[in-house]
Structures are given as C-alpha cells and as structure tokens.
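Working notes for the structure below.
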Amino acid sequence: MVYIMLHKPEGVITSASDPHKRPVVLDFVKDIKERLFPVGRLDYDSSGLVLLTNDGKLAQKLTHPSHEIEKTYVVRLKELPSKTALQTFREGLKIEGKLTAPAKIKIVDRNKNIARITIREGRNRQVRKMCDAIGCPVLQLKRVSMGTLKLGSLPRGKYRHLTESEVKECKSLK
C-alpha cells in the first residue's frame, strides 16, 4: 500500500484524470508506479493537503461522513464576520437547503482577514458556501490538516510518503 501527502496548488483538479486536459493531482506523482487515487476532494481554486493512496479501506474511513474526520483550513476572507455571524457559523447554518454540522472558526489575523476553519463534513465547496452564507466570501483557501495529518511545511506542488506512525494513526481513527 502507498500513502502520499501532496500539497495541491490552486488550478489543479483533485481527480485521477480530466477530460478537459487540465492538470490533475496525479501529475505530481508520475514517478510512483502504483495506481493511486485522491482521498476526497479539494476544489480547483483551493490549495493544501490531499492524500493519495491505493488503500480503498482507509480512503472510505477518511471520507465517509459517519466517521466525522476533521478537516482544517486557513482562509483569507473578503471581510471579517461579525460576532453574530461567527456564532451562526459555529452552530451550523443552511447551505443549499440543508443544515451543516457545527463547525469551528477562529479569526487568527484581523489585519489580513485570516481565519482557521474546521469542519467534519465534506460537502462540495462547503467552506466557501458557509462563508458566503455569513456574508464573508473566501478569497483564498488552504487545507492544512485532515484528521491527524498536518501539511506542515511541505512545499506547494511537492509530495511526501506518510510515515509509518501517520498511517497507523489514520487507520486507528474511529
């Protein structure tokens, strides 16, 4: 089994292939001989941690909503949310007619409108839609962790193999 953490740049599709010939995450691991696939999605306009593997069982564990694996993002917002908007965000809010699970949001840099957001779901463009719903559109989004995996200082467009202990931690998640 192969377990790879990739720092996906913006402008790359989180897929094994693209009919429109746009860059895909597997373009960054052409030297890996095994057939890999991305675990979950990270939208075209976002950067950050993407796990690539050939372990379907682990992929299911990390992506199925029942496991509630936390994903954390650092986002730059067009403007900072009000205290009321922050509370609404934390309690869960309606996007596309469905209530989101409670989420964490913390303003980490007021001067640059930077927030840290943690969700346990993985709906399509969820963080962006939640921020839009409170009137604070996302200008930039980067996933910095998934479960116990942390992107750390891995350079954009580069990858590394997970350590044995990281694989064990992922497999031990509920």
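A note on labels: chains of the structure tokens are A, B, ... as shown, every chain counts residues from 1, and ligands are counted from 1 in their shown order.
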
Sel. of helix (DSSP H, G or I) residues, region 115-155 of chain A, as a count of residues only: 8

What lies within 12 Å of Glu169 (chain A) using only C-alpha atoms, ignoring chain neighbours under 5 positions off, as a PyMOL selection string? chain A and resi 58+61-62+146-150+162-164+174

Could you write out the selected residues, including C-alpha atoms, as a PDB file, in the first residue's frame?
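Result file part25.pdb:
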ATOM      1  CA  LEU A  58      -8.554   3.780   4.501  1.00  0.00           C
ATOM      2  CA  LYS A  61     -12.689   5.636   6.593  1.00  0.00           C
ATOM      3  CA  LEU A  62     -11.344   9.134   5.961  1.00  0.00           C
ATOM      4  CA  MET A 146      -7.086  16.136   7.670  1.00  0.00           C
ATOM      5  CA  GLY A 147      -7.647  14.043  10.780  1.00  0.00           C
ATOM      6  CA  THR A 148      -4.238  13.704  12.406  1.00  0.00           C
ATOM      7  CA  LEU A 149      -2.321  14.538   9.204  1.00  0.00           C
ATOM      8  CA  LYS A 150      -0.760  18.000   9.075  1.00  0.00           C
ATOM      9  CA  LEU A 162       3.348   9.231   5.073  1.00  0.00           C
ATOM     10  CA  THR A 163       5.400   7.895   7.953  1.00  0.00           C
ATOM     11  CA  GLU A 164       4.543   4.525   9.431  1.00  0.00           C
ATOM     12  CA  LYS A 174     -12.879   5.915  14.672  1.00  0.00           C
TER      13      LYS A 174
END

Pick out the residues sitting within 10 Å of region 121-126 of chain A, and hand them over as a VMD selection string; count only C-alpha atoms, and ignore anything fewer than 4 positions along from it in its own chain. chain A and resid 40 to 46 63 to 71 95 100 to 103 130 to 132

A:Leu173, A:Met1, A:Val12, A:Val144 ranked by distance to Arg116 (chain A), top pick (using only C-alpha atoms):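 Checking each candidate against Arg116 (chain A), we get A:Val144 as the closest.
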
Using DSSP on the backbone, list every residue of region 6-144 of chain A that comes out as strand (DSSP E), and give them as number ranges by chain. A: 6-8, 37-39, 47-53, 71-77, 94-95, 98-99, 104-109, 114-119, 138-144

Just the number, please: distance in Å from CA of Leu6 (chain A) to CA of Lys158 (chain A), one decimal. 6.0 Å

Skip Glu34 (chain A) itself and residues of its chain fewer than 6 positions away, then list as a list in words all residues within 9 Å of it, counting only C-alpha atoms.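 Within the cut-off, the hits are Met1, Val2, Thr53 and Asn54 of chain A.
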
Please produce a file of the residues just selected, as a PDB file, in the first residue's frame, where the atoms kept are N, CA and C atoms.
ATOM      1  N   MET A   1       0.833  -1.188   0.000  1.00  0.00           N
ATOM      2  CA  MET A   1       0.000   0.000   0.000  1.00  0.00           C
ATOM      3  C   MET A   1       0.877   1.251   0.000  1.00  0.00           C
ATOM      4  N   VAL A   2       0.370   2.281  -0.668  1.00  0.00           N
ATOM      5  CA  VAL A   2       1.102   3.536  -0.790  1.00  0.00           C
ATOM      6  C   VAL A   2       0.233   4.650  -0.203  1.00  0.00           C
ATOM      7  N   THR A  53      -3.632   7.549  -2.346  1.00  0.00           N
ATOM      8  CA  THR A  53      -3.373   6.197  -1.865  1.00  0.00           C
ATOM      9  C   THR A  53      -3.942   5.171  -2.834  1.00  0.00           C
ATOM     10  N   ASN A  54      -3.639   3.932  -2.563  1.00  0.00           N
ATOM     11  CA  ASN A  54      -4.276   2.817  -3.243  1.00  0.00           C
ATOM     12  C   ASN A  54      -5.000   1.938  -2.222  1.00  0.00           C
TER      13      ASN A  54
END

Determine the nearest neighbour of Ile114 (chain A) from the options A:Arg76, A:Lys21, A:Lys168, A:Lys33, counting only C-alpha atoms.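 Result for the nearest residue to Ile114 (chain A): A:Arg76.
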
For His161 (chain A), work out the shell of residues within 10 Å, counting only C-alpha atoms and skipping chain neighbours fewer than 5 positions away, then give it as a ChimeraX atom specification. /A:2-6,51-53,166-167

Using only C-alpha atoms, which residue out of A:Arg120, A:Gly92, A:Lys78, A:Lys104 lies closest to Val138 (chain A)? A:Lys78

Just checking: using only C-alpha atoms, which residue out of A:Arg160, A:Lys129, A:His20, A:Lys171 ends up closest to Ile32 (chain A)?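 Distance minimum relative to Ile32 (chain A) lands on A:Arg160.
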
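You will find CA of Gly56 (chain A) at 20.8 Å from CA of Asp31 (chain A).
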